[in-house]
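Have a look at final_5.txt; it's compact mmCIF, C-alpha atoms and all ligand atoms:
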# COMPACT_ATOMS: atom_id res chain seq x y z
CA MET G 1 74.78 1.00 67.74
CA PRO G 2 72.60 -1.90 66.49
CA SER G 3 70.10 -0.80 63.86
CA ASP G 4 67.12 -1.64 66.10
CA THR G 5 68.28 0.81 68.77
CA LYS G 6 66.58 4.19 68.92
CA PRO G 7 68.61 7.35 68.37
CA ILE G 8 69.41 9.95 70.98
CA ILE G 9 67.48 13.15 70.19
CA ALA G 10 69.41 16.35 70.88
CA PRO G 11 67.18 19.45 70.53
CA SER G 12 69.22 22.47 69.44
CA LEU G 13 68.51 25.36 71.80
CA LEU G 14 69.54 27.76 69.03
CA SER G 15 65.91 27.51 67.88
CA ALA G 16 64.48 27.95 71.39
CA ASP G 17 62.74 31.14 72.51
CA PHE G 18 65.46 32.90 74.50
CA ALA G 19 62.88 35.06 76.25
CA GLN G 20 61.40 31.79 77.56
CA LEU G 21 64.58 29.79 77.84
CA GLN G 22 63.75 28.21 81.19
CA ARG G 23 60.36 27.05 79.83
CA ASP G 24 61.99 25.51 76.74
CA ILE G 25 64.68 23.80 78.83
CA GLN G 26 61.96 22.36 81.06
CA MET G 27 60.11 21.06 77.99
CA VAL G 28 63.28 19.21 76.92
CA ASN G 29 63.79 17.91 80.49
CA GLU G 30 60.31 16.37 80.44
CA SER G 31 60.53 15.02 76.88
CA GLU G 32 62.08 11.89 75.38
CA ALA G 33 65.13 13.91 74.30
CA GLY G 34 68.46 12.50 75.49
CA TRP G 35 70.73 15.53 75.28
CA PHE G 36 70.68 19.31 74.94
CA HIS G 37 72.53 20.50 71.83
CA ILE G 38 74.25 23.83 72.46
CA ASP G 39 75.55 25.80 69.45
CA VAL G 40 78.33 28.26 70.25
CA MET G 41 79.25 30.59 67.34
CA ASP G 42 81.94 33.25 67.34
CA GLY G 43 81.21 35.28 64.19
CA VAL G 44 84.65 34.32 62.84
CA PHE G 45 84.55 30.59 62.13
CA VAL G 46 80.91 31.00 61.08
CA PRO G 47 79.06 34.11 59.87
CA ASN G 48 76.86 34.30 62.97
CA ILE G 49 77.19 34.90 66.71
CA SER G 50 75.01 32.88 69.07
CA PHE G 51 75.75 32.97 72.81
CA GLY G 52 78.51 32.31 75.28
CA PHE G 53 79.19 31.62 78.94
CA PRO G 54 76.57 33.88 80.59
CA VAL G 55 73.77 32.03 78.77
CA LEU G 56 75.42 28.64 79.21
CA LYS G 57 75.48 29.26 82.96
CA TYR G 58 71.67 29.30 83.00
CA ILE G 59 71.36 26.34 80.67
CA GLN G 60 73.60 24.42 83.08
CA LYS G 61 71.46 25.53 86.00
CA TYR G 62 68.15 24.24 84.60
CA ALA G 63 69.09 21.39 82.23
CA GLU G 64 68.74 17.89 83.67
CA LYS G 65 70.25 16.02 80.71
CA PRO G 66 73.76 15.96 79.22
CA LEU G 67 74.96 19.13 77.49
CA ASP G 68 76.29 18.46 73.99
CA VAL G 69 78.32 21.56 73.16
CA HIS G 70 79.07 22.23 69.49
CA LEU G 71 81.86 24.79 69.19
CA MET G 72 81.79 26.72 65.92
CA ILE G 73 84.70 28.89 66.98
CA VAL G 74 88.31 29.38 65.97
CA ASP G 75 91.02 28.11 68.32
CA PRO G 76 88.62 26.15 70.58
CA ASN G 77 91.59 24.83 72.57
CA ARG G 78 91.61 28.06 74.58
CA TYR G 79 88.16 27.47 76.06
CA ILE G 80 87.89 23.73 76.72
CA ASP G 81 88.23 23.93 80.51
CA ARG G 82 85.74 26.79 80.74
CA PHE G 83 83.14 24.87 78.74
CA ARG G 84 83.72 21.86 80.96
CA ASP G 85 83.27 24.09 84.03
CA HIS G 86 80.00 25.27 82.51
CA GLY G 87 78.68 21.71 82.45
CA ALA G 88 79.62 20.45 78.97
CA ASP G 89 79.42 16.65 78.85
CA VAL G 90 80.33 16.40 75.16
CA ILE G 91 82.56 19.02 73.53
CA SER G 92 82.74 18.96 69.73
CA VAL G 93 85.29 21.02 67.84
CA HIS G 94 85.51 21.53 64.11
CA TYR G 95 88.19 19.68 62.16
CA GLU G 96 88.50 22.84 60.06
CA ALA G 97 89.23 25.00 63.14
CA CYS G 98 91.96 22.84 64.68
CA THR G 99 95.55 22.85 63.46
CA HIS G 100 96.49 20.34 66.16
CA LEU G 101 93.31 18.29 66.33
CA HIS G 102 94.92 15.38 68.16
CA ARG G 103 96.13 17.68 70.94
CA THR G 104 92.70 19.31 71.23
CA VAL G 105 90.92 15.94 71.40
CA GLN G 106 93.32 14.84 74.15
CA ALA G 107 92.67 18.07 76.06
CA ILE G 108 88.90 17.54 75.87
CA ARG G 109 89.22 14.01 77.22
CA LEU G 110 91.59 15.20 79.95
CA SER G 111 88.95 17.73 81.02
CA GLY G 112 86.58 14.83 81.66
CA ALA G 113 84.24 15.57 78.73
CA LYS G 114 83.60 13.30 75.76
CA ALA G 115 85.48 14.47 72.67
CA GLY G 116 83.65 15.13 69.42
CA VAL G 117 84.95 16.22 66.03
CA SER G 118 82.70 17.97 63.55
CA LEU G 119 83.07 17.96 59.76
CA ASN G 120 81.76 20.69 57.49
CA PRO G 121 79.84 19.56 54.38
CA HIS G 122 82.93 19.90 52.14
CA THR G 123 85.28 17.96 54.42
CA PRO G 124 85.65 14.27 53.53
CA VAL G 125 85.29 11.61 56.22
CA HIS G 126 88.68 10.03 55.45
CA VAL G 127 90.53 12.91 57.15
CA LEU G 128 89.56 11.27 60.45
CA HIS G 129 91.24 7.96 59.61
CA ASP G 130 94.19 8.49 61.97
CA ILE G 131 92.17 9.83 64.87
CA ILE G 132 88.92 7.84 64.77
CA GLU G 133 89.96 5.62 67.69
CA GLU G 134 90.63 8.66 69.89
CA VAL G 135 87.25 10.35 69.49
CA ASP G 136 83.96 9.66 71.26
CA LEU G 137 81.71 11.23 68.63
CA VAL G 138 81.80 12.49 65.05
CA LEU G 139 79.37 15.25 64.15
CA ILE G 140 78.49 15.34 60.47
CA MET G 141 77.27 18.80 59.47
CA SER G 142 74.43 18.29 57.02
CA VAL G 143 74.12 22.05 56.41
CA ASN G 144 76.77 24.75 56.39
CA PRO G 145 77.20 25.75 60.04
CA GLY G 146 75.93 29.10 61.23
CA TYR G 147 72.15 29.04 61.15
CA GLY G 148 69.18 26.90 62.05
CA GLY G 149 66.38 26.11 59.62
CA GLN G 150 68.50 25.33 56.53
CA LYS G 151 67.92 22.61 53.95
CA PHE G 152 69.52 19.18 54.49
CA ILE G 153 72.41 18.37 52.10
CA GLU G 154 71.65 14.96 50.54
CA ARG G 155 75.31 14.01 50.14
CA SER G 156 75.39 13.59 53.94
CA TYR G 157 73.92 10.06 53.69
CA GLN G 158 76.99 8.89 51.80
CA LYS G 159 79.28 10.49 54.39
CA ILE G 160 77.41 8.80 57.23
CA ARG G 161 77.72 5.40 55.54
CA GLU G 162 81.46 5.93 54.97
CA LEU G 163 81.92 7.01 58.57
CA LYS G 164 79.98 3.99 59.85
CA GLU G 165 82.26 1.74 57.80
CA MET G 166 85.37 3.48 59.18
CA ILE G 167 84.12 3.04 62.76
CA THR G 168 83.06 -0.59 62.45
CA SER G 169 86.29 -1.60 60.70
CA SER G 170 88.38 -0.10 63.53
CA SER G 171 88.22 -0.44 67.29
CA SER G 172 86.50 2.94 67.56
CA ASN G 173 83.32 3.29 69.63
CA ALA G 174 82.54 6.74 68.25
CA LEU G 175 78.92 7.79 68.01
CA ILE G 176 77.69 9.38 64.78
CA GLU G 177 75.74 12.61 65.18
CA VAL G 178 74.05 14.49 62.35
CA ASP G 179 73.28 18.20 62.58
CA GLY G 180 71.32 20.43 60.23
CA GLY G 181 68.06 20.10 58.36
CA VAL G 182 66.90 17.01 60.25
CA THR G 183 63.15 16.47 59.72
CA LEU G 184 60.52 13.86 60.53
CA GLU G 185 60.91 12.67 56.95
CA ASN G 186 64.69 12.15 56.83
CA ALA G 187 65.22 11.05 60.47
CA PRO G 188 64.40 7.33 59.91
CA LYS G 189 66.65 7.24 56.82
CA LEU G 190 69.50 8.81 58.81
CA VAL G 191 69.12 6.22 61.56
CA SER G 192 69.19 3.43 58.93
CA ALA G 193 72.40 4.92 57.50
CA GLY G 194 74.03 4.62 60.93
CA VAL G 195 73.27 7.80 62.89
CA ASP G 196 73.20 7.49 66.70
CA VAL G 197 72.40 11.10 67.63
CA LEU G 198 69.93 13.34 65.76
CA VAL G 199 70.20 17.10 66.35
CA ALA G 200 67.07 19.08 65.51
CA GLY G 201 66.27 22.74 66.04
CA ASN G 202 63.67 24.09 63.67
CA THR G 203 61.78 20.79 63.35
CA ILE G 204 61.24 20.66 67.11
CA PHE G 205 60.84 24.29 68.17
CA SER G 206 58.69 25.38 65.19
CA SER G 207 56.27 22.52 65.66
CA THR G 208 52.96 22.94 67.46
CA ASP G 209 53.76 20.15 69.92
CA PRO G 210 57.55 19.98 70.54
CA PRO G 211 57.53 17.02 72.99
CA HIS G 212 55.44 14.99 70.52
CA THR G 213 57.82 15.93 67.68
CA ILE G 214 60.76 14.74 69.80
CA SER G 215 59.01 11.45 70.36
CA LEU G 216 58.25 11.10 66.60
CA LEU G 217 61.92 11.81 65.77
CA LYS G 218 62.97 9.08 68.19
CA GLY G 219 60.82 6.66 66.21
C1 LIG G 301 73.89 25.03 62.70
C2 LIG G 301 73.84 24.36 64.05
C3 LIG G 301 72.69 23.47 64.23
C4 LIG G 301 71.34 24.11 64.07
C5 LIG G 301 70.42 23.04 63.53
O1 LIG G 301 75.09 25.65 62.54
O2 LIG G 301 75.00 23.62 64.28
O3 LIG G 301 72.77 22.75 65.46
O4 LIG G 301 70.82 24.62 65.26
O5 LIG G 301 69.21 23.62 63.26
P1 LIG G 301 68.12 22.94 62.32
O6 LIG G 301 67.78 21.63 62.95
O7 LIG G 301 67.02 23.93 62.36
O8 LIG G 301 68.74 22.78 60.96
ZN ZN G 302 75.03 22.27 66.10

This entry written out as structure tokens:
Amino acid sequence: MPSDTKPIIAPSLLSADFAQLQRDIQMVNESEAGWFHIDVMDGVFVPNISFGFPVLKYIQKYAEKPLDVHLMIVDPNRYIDRFRDHGADVISVHYEACTHLHRTVQAIRLSGAKAGVSLNPHTPVHVLHDIIEEVDLVLIMSVNPGYGGQKFIERSYQKIRELKEMITSSSSNALIEVDGGVTLENAPKLVSAGVDVLVAGNTIFSSTDPPHTISLLKG
């Protein structure tokens, strides 16, 4: 993405008010956000449980923008077709959760979804060297996965720059997404470092004017 292009904003529904989920989905529909970011946690890969298919069914029903599904689960291969059936447009799996990552990425693409791979803060970018041309998106975790509202890990800038270099020096068209601790303050710096998609939960849903915050994040 050229540096003068604005990022896609992907509000994380993990920080939405689940008692008012339809209202919050409608807010995102009417905002400048590009995608819905959907965090699925299994209590095994990460120390938290979020939601699964029954909730996703209603997100699918009301959301009018692409669903960007971030799977923080072990053995995600088992559920790819079900997530696709529940409206997932992008399915990201964790590098750390996939023994046969290449096979899983192929299965995601075969389902018709875009294939994303997510890296935990401790996982170096170079592990993607042999698969970067097969993936549609790389999700850099800038906090340890499991919870919203955590502090951004500064080392992430370096990882984003390395990833950008890996993508531009190959024939990959992968988008770079950053997830965790994104704020109005660090968003422009992340975009300058090469980020195409900004995920934000707490920054958007804890603000007094979420649609305005989305527009400020977009820049
Ligand atoms: C964390 C999730 C994030 C989370 C981001 O495991 O992957 O998507 O919702 O929340 P904030 O933006 O509040 O750090
Ligand atoms: Zn996420």

Problem set entry | Residue nearest ligand ZN 302 (chain G) - candidates G:Val199, G:Ile131, G:Met166, G:Ile73, atoms counted: only C-alpha atoms and all ligand atoms | G:Val199

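Closest to ligand LIG 301 (chain G) among G:Ile214, G:Ile204, G:Leu175, G:Ile91 is G:Ile204, based on only C-alpha atoms and all ligand atoms.
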
Problem set entry | Non-local contacts of Phe152 (chain G) (9 Å; only C-alpha atoms; under 2 positions in same chain excluded) as a ChimeraX atom specification | /G:142-143,150,154-156,179-183,186

For this session: Would you work out the distance separating CA of Phe45 (chain G) from atom C5 of ligand LIG 301 (chain G), expressed in Å to one decimal?
Result: 16.1 Å

Can I get the residues of chain G within 10 Å of ligand ZN 302 (chain G), each with the closest pair of atoms and their distance in Å to one decimal, using only C-alpha atoms and all ligand atoms, sorted chain first then ascending number, as a tab-separated table?
residue	atom	partner	partner_atom	distance
G:Ala10	CA	G:ZN302	ZN	9.5
G:Pro11	CA	G:ZN302	ZN	9.4
G:Ser12	CA	G:ZN302	ZN	6.7
G:Leu13	CA	G:ZN302	ZN	9.2
G:Leu14	CA	G:ZN302	ZN	8.3
G:His37	CA	G:ZN302	ZN	6.5
G:Ile38	CA	G:ZN302	ZN	6.6
G:Asp39	CA	G:ZN302	ZN	4.9
G:Val40	CA	G:ZN302	ZN	8.0
G:Met41	CA	G:ZN302	ZN	9.4
G:Asp68	CA	G:ZN302	ZN	8.9
G:Val69	CA	G:ZN302	ZN	7.8
G:His70	CA	G:ZN302	ZN	5.3
G:Leu71	CA	G:ZN302	ZN	7.9
G:Met72	CA	G:ZN302	ZN	8.1
G:Ser92	CA	G:ZN302	ZN	9.1
G:Ser118	CA	G:ZN302	ZN	9.2
G:Leu139	CA	G:ZN302	ZN	8.5
G:Ile140	CA	G:ZN302	ZN	9.6
G:Met141	CA	G:ZN302	ZN	7.8
G:Ser142	CA	G:ZN302	ZN	9.9
G:Val143	CA	G:ZN302	ZN	9.7
G:Pro145	CA	G:ZN302	ZN	7.3
G:Gly146	CA	G:ZN302	ZN	8.4
G:Tyr147	CA	G:ZN302	ZN	8.9
G:Gly148	CA	G:ZN302	ZN	8.5
G:Glu177	CA	G:ZN302	ZN	9.7
G:Val178	CA	G:ZN302	ZN	8.7
G:Asp179	CA	G:ZN302	ZN	5.7
G:Gly180	CA	G:ZN302	ZN	7.2
G:Val199	CA	G:ZN302	ZN	7.1
G:Ala200	CA	G:ZN302	ZN	8.6
G:Gly201	CA	G:ZN302	ZN	8.8

For this session: Go through G:Lys159, G:His94, G:Lys189, G:Lys151 one by one, measure the shortest atom-to-atom distance of each to Asn77 (chain G) using all atoms listed in the file, and give the residue with the smallest value.
Result: G:His94

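Each of G:Leu190, G:Val55, G:Leu198, G:Ile25 was checked against ligand LIG 301 (chain G) using all atoms listed in the file; the smallest atom-to-atom distance is that of G:Leu198.
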